[in-house]
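The file run17.txt comes next; it holds compact mmCIF, C-alpha atoms.
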# COMPACT_ATOMS: atom_id res chain seq x y z
CA MET A 426 -21.69 9.90 -12.78
CA ILE A 427 -19.54 10.08 -15.93
CA SER A 428 -21.04 9.69 -19.40
CA ILE A 429 -18.52 9.30 -22.23
CA ARG A 430 -20.34 9.92 -25.49
CA ASN A 431 -18.97 8.98 -28.91
CA VAL A 432 -15.48 10.24 -28.12
CA SER A 433 -12.87 10.11 -30.89
CA LYS A 434 -9.34 11.47 -30.81
CA ASN A 435 -7.04 11.71 -33.82
CA TYR A 436 -3.33 12.50 -33.82
CA GLY A 437 -2.88 13.32 -37.49
CA GLN A 438 -3.59 10.07 -39.32
CA ILE A 439 -3.59 8.01 -36.11
CA ASN A 440 -6.98 7.26 -34.53
CA ALA A 441 -6.23 6.92 -30.82
CA LEU A 442 -9.92 6.63 -29.86
CA LYS A 443 -12.78 5.67 -32.15
CA ASN A 444 -16.36 6.56 -31.22
CA PHE A 445 -15.78 5.54 -27.58
CA SER A 446 -18.89 5.45 -25.37
CA ALA A 447 -19.31 4.27 -21.78
CA VAL A 448 -21.03 5.24 -18.53
CA ILE A 449 -19.01 5.14 -15.31
CA ASN A 450 -21.42 4.71 -12.40
CA LYS A 451 -21.11 6.51 -9.09
CA GLY A 452 -19.24 4.52 -6.47
CA GLU A 453 -17.63 2.09 -8.93
CA ILE A 454 -13.97 1.16 -9.15
CA THR A 455 -13.46 0.79 -12.89
CA GLY A 456 -10.27 -0.48 -14.47
CA ILE A 457 -9.25 0.46 -18.00
CA LEU A 458 -7.19 -2.33 -19.56
CA GLY A 459 -5.44 -2.42 -22.89
CA PRO A 460 -2.09 -3.04 -24.57
CA ASN A 461 0.39 -0.23 -25.18
CA GLY A 462 -1.06 2.25 -27.65
CA ALA A 463 -4.66 1.15 -27.04
CA GLY A 464 -5.76 4.68 -26.06
CA LYS A 465 -5.95 4.37 -22.27
CA THR A 466 -3.93 7.48 -21.40
CA THR A 467 -5.60 9.51 -24.15
CA LEU A 468 -9.00 8.60 -22.70
CA LEU A 469 -8.02 9.64 -19.18
CA LYS A 470 -6.53 12.93 -20.42
CA ILE A 471 -9.81 13.75 -22.16
CA ILE A 472 -11.89 12.85 -19.11
CA THR A 473 -9.71 15.08 -16.91
CA CYS A 474 -9.95 17.98 -19.39
CA TYR A 475 -6.20 17.84 -20.02
CA MET A 476 -7.05 17.69 -23.73
CA TYR A 477 -10.18 17.87 -25.84
CA PRO A 478 -11.45 15.12 -28.13
CA THR A 479 -11.61 15.46 -31.90
CA GLU A 480 -15.29 14.53 -31.63
CA GLY A 481 -17.70 13.65 -28.85
CA ASN A 482 -18.27 14.80 -25.29
CA VAL A 483 -17.84 13.74 -21.67
CA ILE A 484 -20.51 14.75 -19.15
CA PHE A 485 -20.16 14.74 -15.35
CA ASP A 486 -23.67 14.91 -13.94
CA GLU A 487 -24.89 18.09 -15.73
CA TYR A 488 -21.43 19.44 -16.59
CA ASP A 489 -19.69 18.79 -19.91
CA ILE A 490 -16.02 19.16 -20.80
CA TRP A 491 -16.61 21.74 -23.54
CA SER A 492 -18.54 24.23 -21.40
CA ASN A 493 -17.60 23.44 -17.79
CA SER A 494 -14.03 22.16 -17.77
CA LEU A 495 -13.00 24.18 -14.70
CA LYS A 496 -15.96 22.88 -12.69
CA ILE A 497 -15.13 19.32 -13.75
CA ARG A 498 -11.50 19.74 -12.69
CA GLU A 499 -12.72 20.77 -9.25
CA MET A 500 -14.59 17.44 -9.01
CA ILE A 501 -11.58 15.33 -10.03
CA GLY A 502 -8.42 14.16 -8.34
CA TYR A 503 -5.90 13.13 -11.00
CA LEU A 504 -2.70 11.14 -10.72
CA PRO A 505 -0.98 10.89 -14.13
CA GLU A 506 1.46 8.09 -14.86
CA ASN A 507 4.39 10.36 -14.01
CA ALA A 508 3.33 12.13 -10.83
CA PRO A 509 3.87 15.92 -11.04
CA LEU A 510 6.11 16.28 -7.98
CA TYR A 511 8.48 19.13 -7.18
CA SER A 512 11.53 17.27 -5.91
CA ASP A 513 13.12 20.24 -4.10
CA LEU A 514 10.10 20.73 -1.83
CA THR A 515 9.27 18.87 1.35
CA VAL A 516 6.09 16.81 1.32
CA VAL A 517 4.27 19.33 3.52
CA ASP A 518 5.33 22.32 1.41
CA TYR A 519 4.29 20.51 -1.76
CA LEU A 520 0.84 19.71 -0.35
CA LYS A 521 0.46 23.32 0.85
CA PHE A 522 1.25 24.46 -2.69
CA LEU A 523 -1.38 22.10 -4.13
CA ALA A 524 -3.91 23.18 -1.51
CA ASP A 525 -3.40 26.80 -2.60
CA ILE A 526 -3.90 25.85 -6.26
CA ARG A 527 -7.09 24.01 -5.29
CA ASN A 528 -8.38 27.13 -3.44
CA ILE A 529 -8.70 25.36 -0.12
CA PRO A 530 -9.33 27.96 2.63
CA LYS A 531 -6.13 28.69 4.58
CA THR A 532 -7.84 27.78 7.85
CA ALA A 533 -8.54 24.28 6.50
CA VAL A 534 -5.22 23.55 4.76
CA MET A 535 -3.41 21.80 7.63
CA ASP A 536 -6.49 19.73 8.48
CA ARG A 537 -6.61 18.49 4.87
CA ILE A 538 -2.88 17.79 4.84
CA ARG A 539 -3.18 15.76 8.04
CA ALA A 540 -6.18 13.88 6.64
CA VAL A 541 -4.53 12.88 3.36
CA SER A 542 -1.23 12.15 5.13
CA ASP A 543 -2.99 9.66 7.37
CA LEU A 544 -4.95 8.17 4.48
CA CYS A 545 -1.84 7.72 2.32
CA ASP A 546 0.41 6.87 5.29
CA ILE A 547 3.00 9.58 4.62
CA ARG A 548 3.16 11.32 8.02
CA SER A 549 6.57 9.77 8.70
CA VAL A 550 8.04 11.54 5.66
CA ALA A 551 6.07 14.79 5.91
CA TYR A 552 9.18 16.97 6.40
CA LYS A 553 11.49 15.15 4.01
CA ARG A 554 12.35 16.50 0.58
CA ILE A 555 10.55 14.64 -2.16
CA ASP A 556 13.79 13.79 -3.96
CA ALA A 557 14.83 11.80 -0.86
CA LEU A 558 11.76 9.54 -0.99
CA SER A 559 11.51 6.05 -2.40
CA LYS A 560 9.41 5.40 -5.49
CA GLY A 561 6.63 3.97 -3.32
CA TYR A 562 6.48 7.04 -1.08
CA ARG A 563 6.58 9.39 -4.08
CA GLN A 564 3.57 7.55 -5.49
CA ARG A 565 1.78 7.95 -2.16
CA VAL A 566 2.54 11.69 -2.22
CA GLY A 567 1.12 11.79 -5.74
CA LEU A 568 -2.07 10.20 -4.43
CA ALA A 569 -2.16 12.67 -1.56
CA GLN A 570 -2.06 15.63 -3.98
CA ALA A 571 -4.92 14.05 -5.95
CA LEU A 572 -6.95 13.79 -2.74
CA ILE A 573 -6.06 17.11 -1.11
CA HIS A 574 -9.33 18.80 -2.14
CA ASP A 575 -11.46 15.73 -1.26
CA PRO A 576 -12.70 15.10 -4.83
CA GLU A 577 -15.74 13.03 -5.71
CA ILE A 578 -13.88 11.28 -8.53
CA LEU A 579 -10.36 9.86 -8.56
CA ILE A 580 -8.60 9.15 -11.86
CA LEU A 581 -5.33 7.25 -11.79
CA ASP A 582 -3.11 6.47 -14.77
CA GLU A 583 -0.95 3.38 -14.08
CA PRO A 584 -0.84 4.07 -10.31
CA THR A 585 1.47 1.12 -9.55
CA SER A 586 3.87 1.53 -12.47
CA GLY A 587 7.46 0.89 -11.40
CA LEU A 588 6.61 -0.26 -7.86
CA ASP A 589 7.88 -3.44 -6.25
CA PRO A 590 5.39 -6.21 -5.25
CA ASN A 591 5.00 -4.97 -1.66
CA GLN A 592 4.40 -1.38 -2.80
CA ILE A 593 1.87 -2.61 -5.37
CA LEU A 594 -0.09 -4.38 -2.62
CA GLU A 595 -0.03 -1.23 -0.47
CA ILE A 596 -1.34 1.01 -3.28
CA ARG A 597 -3.92 -1.65 -4.20
CA ASP A 598 -5.22 -1.73 -0.60
CA LEU A 599 -5.37 2.07 -0.57
CA ILE A 600 -7.42 2.11 -3.79
CA ILE A 601 -9.87 -0.38 -2.27
CA ARG A 602 -10.27 1.81 0.83
CA LEU A 603 -10.78 4.94 -1.27
CA GLY A 604 -13.32 3.11 -3.42
CA LYS A 605 -15.69 2.89 -0.46
CA GLU A 606 -16.20 6.67 -0.67
CA LYS A 607 -15.27 7.73 -4.20
CA THR A 608 -15.76 6.88 -7.85
CA ILE A 609 -12.41 5.60 -9.14
CA LEU A 610 -11.27 5.15 -12.71
CA PHE A 611 -7.76 3.83 -13.32
CA SER A 612 -5.69 2.29 -16.06
CA SER A 613 -3.32 -0.61 -15.50
CA HIS A 614 -1.23 -3.22 -17.28
CA ILE A 615 -1.42 -5.50 -14.24
CA LEU A 616 -4.35 -7.83 -14.88
CA GLN A 617 -4.28 -9.37 -11.40
CA GLU A 618 -4.58 -5.88 -9.95
CA VAL A 619 -7.76 -5.15 -11.90
CA GLN A 620 -9.17 -8.56 -10.98
CA ALA A 621 -8.47 -7.96 -7.28
CA VAL A 622 -9.57 -4.33 -7.03
CA CYS A 623 -12.21 -3.50 -9.64
CA ASP A 624 -15.97 -3.80 -9.65
CA ARG A 625 -15.80 -3.45 -13.42
CA ALA A 626 -13.21 -3.67 -16.17
CA ILE A 627 -13.25 -2.07 -19.62
CA ILE A 628 -10.82 -3.61 -22.10
CA ILE A 629 -9.91 -1.39 -25.04
CA ASN A 630 -7.89 -2.23 -28.11
CA ARG A 631 -6.94 0.18 -30.89
CA GLY A 632 -9.19 2.87 -29.44
CA GLU A 633 -12.34 0.76 -29.16
CA ILE A 634 -14.09 -1.16 -26.37
CA VAL A 635 -13.75 -4.91 -26.85
CA ALA A 636 -15.15 -5.98 -23.46
CA ASP A 637 -17.00 -4.33 -20.60
CA GLY A 638 -18.19 -5.97 -17.38
CA SER A 639 -17.09 -7.45 -14.09
CA PRO A 640 -13.79 -9.35 -14.31
CA GLU A 641 -15.61 -12.52 -13.23
CA SER A 642 -18.25 -12.28 -15.95
CA MET A 643 -15.87 -11.61 -18.85
CA SER A 644 -14.59 -15.16 -19.14
CA ASP A 645 -18.15 -16.50 -19.25
CA SER A 646 -19.11 -14.08 -22.01
CA ILE A 647 -16.37 -15.11 -24.46
CA ALA A 648 -15.76 -18.75 -23.55
CA ASN A 649 -17.07 -21.26 -26.11
CA HIS A 650 -16.75 -24.22 -23.76
CA ARG A 651 -16.93 -25.19 -20.12
CA GLU A 652 -14.07 -27.00 -18.40
CA ILE A 653 -14.37 -29.33 -15.41
CA ILE A 654 -11.24 -30.28 -13.47
CA LEU A 655 -11.55 -33.77 -11.98
CA THR A 656 -9.09 -35.66 -9.78
CA VAL A 657 -9.93 -39.17 -8.61
CA LYS A 658 -8.30 -42.03 -6.75
CA SER A 659 -8.92 -45.12 -8.84
CA SER A 660 -7.47 -48.50 -9.71
CA ALA A 661 -7.96 -47.77 -13.44
CA ASP A 662 -8.24 -44.91 -15.91
CA ILE A 663 -11.90 -43.79 -16.27
CA GLY A 664 -11.28 -41.47 -19.23
CA ALA A 665 -13.26 -43.65 -21.67
CA GLY A 666 -16.35 -43.48 -19.46
CA LEU A 667 -16.05 -39.69 -19.17
CA ARG A 668 -15.80 -39.35 -22.95
CA SER A 669 -19.07 -41.27 -23.35
CA VAL A 670 -21.07 -38.56 -21.58
CA TYR A 671 -23.37 -36.63 -23.90
CA SER A 672 -22.15 -33.06 -24.64
CA VAL A 673 -18.56 -33.86 -23.54
CA LYS A 674 -16.36 -32.59 -26.38
CA ASP A 675 -12.97 -33.70 -25.13
CA VAL A 676 -11.24 -35.24 -22.12
CA LYS A 677 -7.56 -34.65 -21.45
CA THR A 678 -5.66 -36.74 -18.91
CA ALA A 679 -3.03 -34.92 -16.87
CA PRO A 680 0.04 -36.66 -15.45
CA ALA A 681 -0.68 -38.26 -12.07
CA SER A 682 0.96 -36.38 -9.19
CA VAL A 683 0.24 -39.16 -6.68
CA PRO A 684 0.31 -42.92 -7.40
CA GLY A 685 -3.21 -44.22 -7.84
CA GLU A 686 -4.64 -40.80 -8.71
CA PHE A 687 -5.86 -39.63 -12.12
CA SER A 688 -6.52 -36.03 -13.15
CA TYR A 689 -8.77 -34.99 -16.05
CA SER A 690 -9.78 -31.81 -17.86
CA ILE A 691 -13.30 -32.38 -19.17
CA PHE A 692 -14.48 -29.98 -21.90
CA THR A 693 -18.21 -29.63 -22.56
CA ASP A 694 -20.57 -27.33 -24.41
CA LYS A 695 -20.68 -23.83 -22.91
CA ASP A 696 -24.19 -24.27 -21.47
CA SER A 697 -23.80 -27.86 -20.27
CA ASP A 698 -23.13 -28.94 -16.70
CA VAL A 699 -22.35 -32.67 -16.55
CA ARG A 700 -20.99 -32.86 -13.02
CA ASP A 701 -23.85 -35.13 -11.91
CA ARG A 702 -23.07 -37.61 -14.70
CA VAL A 703 -19.36 -37.41 -13.93
CA PHE A 704 -20.18 -38.22 -10.31
CA ASP A 705 -22.25 -41.26 -11.39
CA ILE A 706 -19.39 -42.55 -13.61
CA CYS A 707 -16.97 -42.25 -10.71
CA VAL A 708 -19.32 -44.21 -8.45
CA ASP A 709 -19.93 -46.89 -11.12
CA ASN A 710 -16.15 -47.36 -11.54
CA GLY A 711 -15.31 -47.29 -7.85
CA ALA A 712 -13.32 -44.06 -8.25
CA LYS A 713 -13.11 -41.76 -5.23
CA ILE A 714 -13.39 -38.07 -6.10
CA ILE A 715 -10.52 -36.01 -4.66
CA GLU A 716 -11.51 -32.81 -6.47
CA MET A 717 -14.16 -31.68 -8.97
CA ARG A 718 -14.57 -28.02 -9.93
CA LEU A 719 -15.53 -25.74 -12.78
CA GLU A 720 -12.51 -23.93 -14.21
CA LYS A 721 -12.95 -20.29 -15.24
CA ASP A 722 -10.78 -18.53 -17.82
CA SER A 723 -8.47 -16.02 -16.16
CA LEU A 724 -8.69 -12.33 -17.00
CA GLU A 725 -5.24 -12.69 -18.56
CA LYS A 726 -6.56 -15.31 -21.01
CA VAL A 727 -9.55 -13.09 -21.84
CA PHE A 728 -7.26 -10.10 -22.35
CA ARG A 729 -4.96 -12.00 -24.72
CA GLU A 730 -7.85 -13.36 -26.72
CA LEU A 731 -9.44 -9.93 -27.17
CA THR A 732 -6.32 -7.87 -27.86
CA PHE A 733 -3.91 -10.23 -29.65
Taking this structure as input, can you express it in the form of structure tokens?
Amino acid sequence: MISIRNVSKNYGQINALKNFSAVINKGEITGILGPNGAGKTTLLKIITCYMYPTEGNVIFDEYDIWSNSLKIREMIGYLPENAPLYSDLTVVDYLKFLADIRNIPKTAVMDRIRAVSDLCDIRSVAYKRIDALSKGYRQRVGLAQALIHDPEILILDEPTSGLDPNQILEIRDLIIRLGKEKTILFSSHILQEVQAVCDRAIIINRGEIVADGSPESMSDSIANHREIILTVKSSADIGAGLRSVYSVKDVKTAPASVPGEFSYSIFTDKDSDVRDRVFDICVDNGAKIIEMRLEKDSLEKVFRELTF
């Protein structure tokens, strides 16, 4: 759907993006992650034709940003980090204004306004002035303007910035619903949000891709060990037996939360799975297994390791 080809962007001596290449597939919800100054907003501005790259190109199907920017803008719904709202207008008047800009036929304008109002749940504030709305409702109105022309692609820059936890959950649920019909690309600082919403995450640091894949697969790709969490009910510590297992690199004993229980973190080689041997040791020592599971690195840990 979107092919980003060797895109670089320089601001004087500062290289905001460096030879950035990626393909965003149709129907994906893709999250762009990165620390402040990583180049996330610059990338989204280039994709939306808000600015041109110093080098490289972005191609939407057969259209490229250098030759067909107006056609590409017709395909995109864009919500920048600071939504472009006119505070002295009512929600309906604002959406009518955007519908006119988007060349929606006058006979279809109210149908589109009703459709996006229902989708973004803003019917109850339709005739209120925008400056009277809460931050959460203003963000919903911003999403409505991005959807007014029913675009194929939705690009959102920090869509939950400044929202409270309940508003974040509402916008997150809306993104998931929209992702069933549209290709969505959004940037975020909230790692849990990307993990909960995205089919794919791209982590960038200093203008370059440092990881690309599903949030679940990223921890496996960079981890150099495997961790097993084990909790047993036992009359004695079985740590020595666990350490004797081949390919176990370390065993850490956690403080017991319940009398008679022992908890262990068992670290092995990345490609080793010793759960069957751990089970045998528990049986041999008369230890009853309360819990045994493989622990995955969180996206937050992956992010810190790749961008620190």
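If you measure from each of A:Ser659, A:Thr693, A:Ile653, A:Asp556 to Ser672 (chain A) using only C-alpha atoms, the closest one turns out to be A:Thr693.
Taking all atoms listed in the file into account, Val727 (chain A) lies nearest to A:Pro640 out of the set A:Gly567, A:Gly632, A:Pro640, A:Gly604.
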### Query
So which one's closest to Lys451 (chain A), A:Leu579, A:Ala551, A:Ile526, A:Ala533? Using all atoms listed in the file, please.
A:Leu579
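The gap separating CA of Ile490 (chain A) from CA of Asn435 (chain A) is 17.5 Å, in Å to one decimal.
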### Message
If we count all atoms listed in the file and set the cut-off at 6 Å, which residues sit around Gly459 (chain A), ignoring sequence neighbours fewer than 5 positions away in its own chain? Please answer as a PyMOL selection string.
### Response
chain A and resi 628-630
### Message
Quick one: residues within 9 Å of Ile691 (chain A), all atoms listed in the file, excluding same-chain residues fewer than 4 positions away - as JSON, numbers by chain?
### Response
{"A": [651, 652, 653, 654, 655, 667, 668, 673, 674, 675, 676, 677, 678]}
### Task
Have a look at A:Gly452, A:Asp582, A:Trp491, A:Ile529 and name the one nearest to Thr466 (chain A); count all atoms listed in the file.
A:Asp582
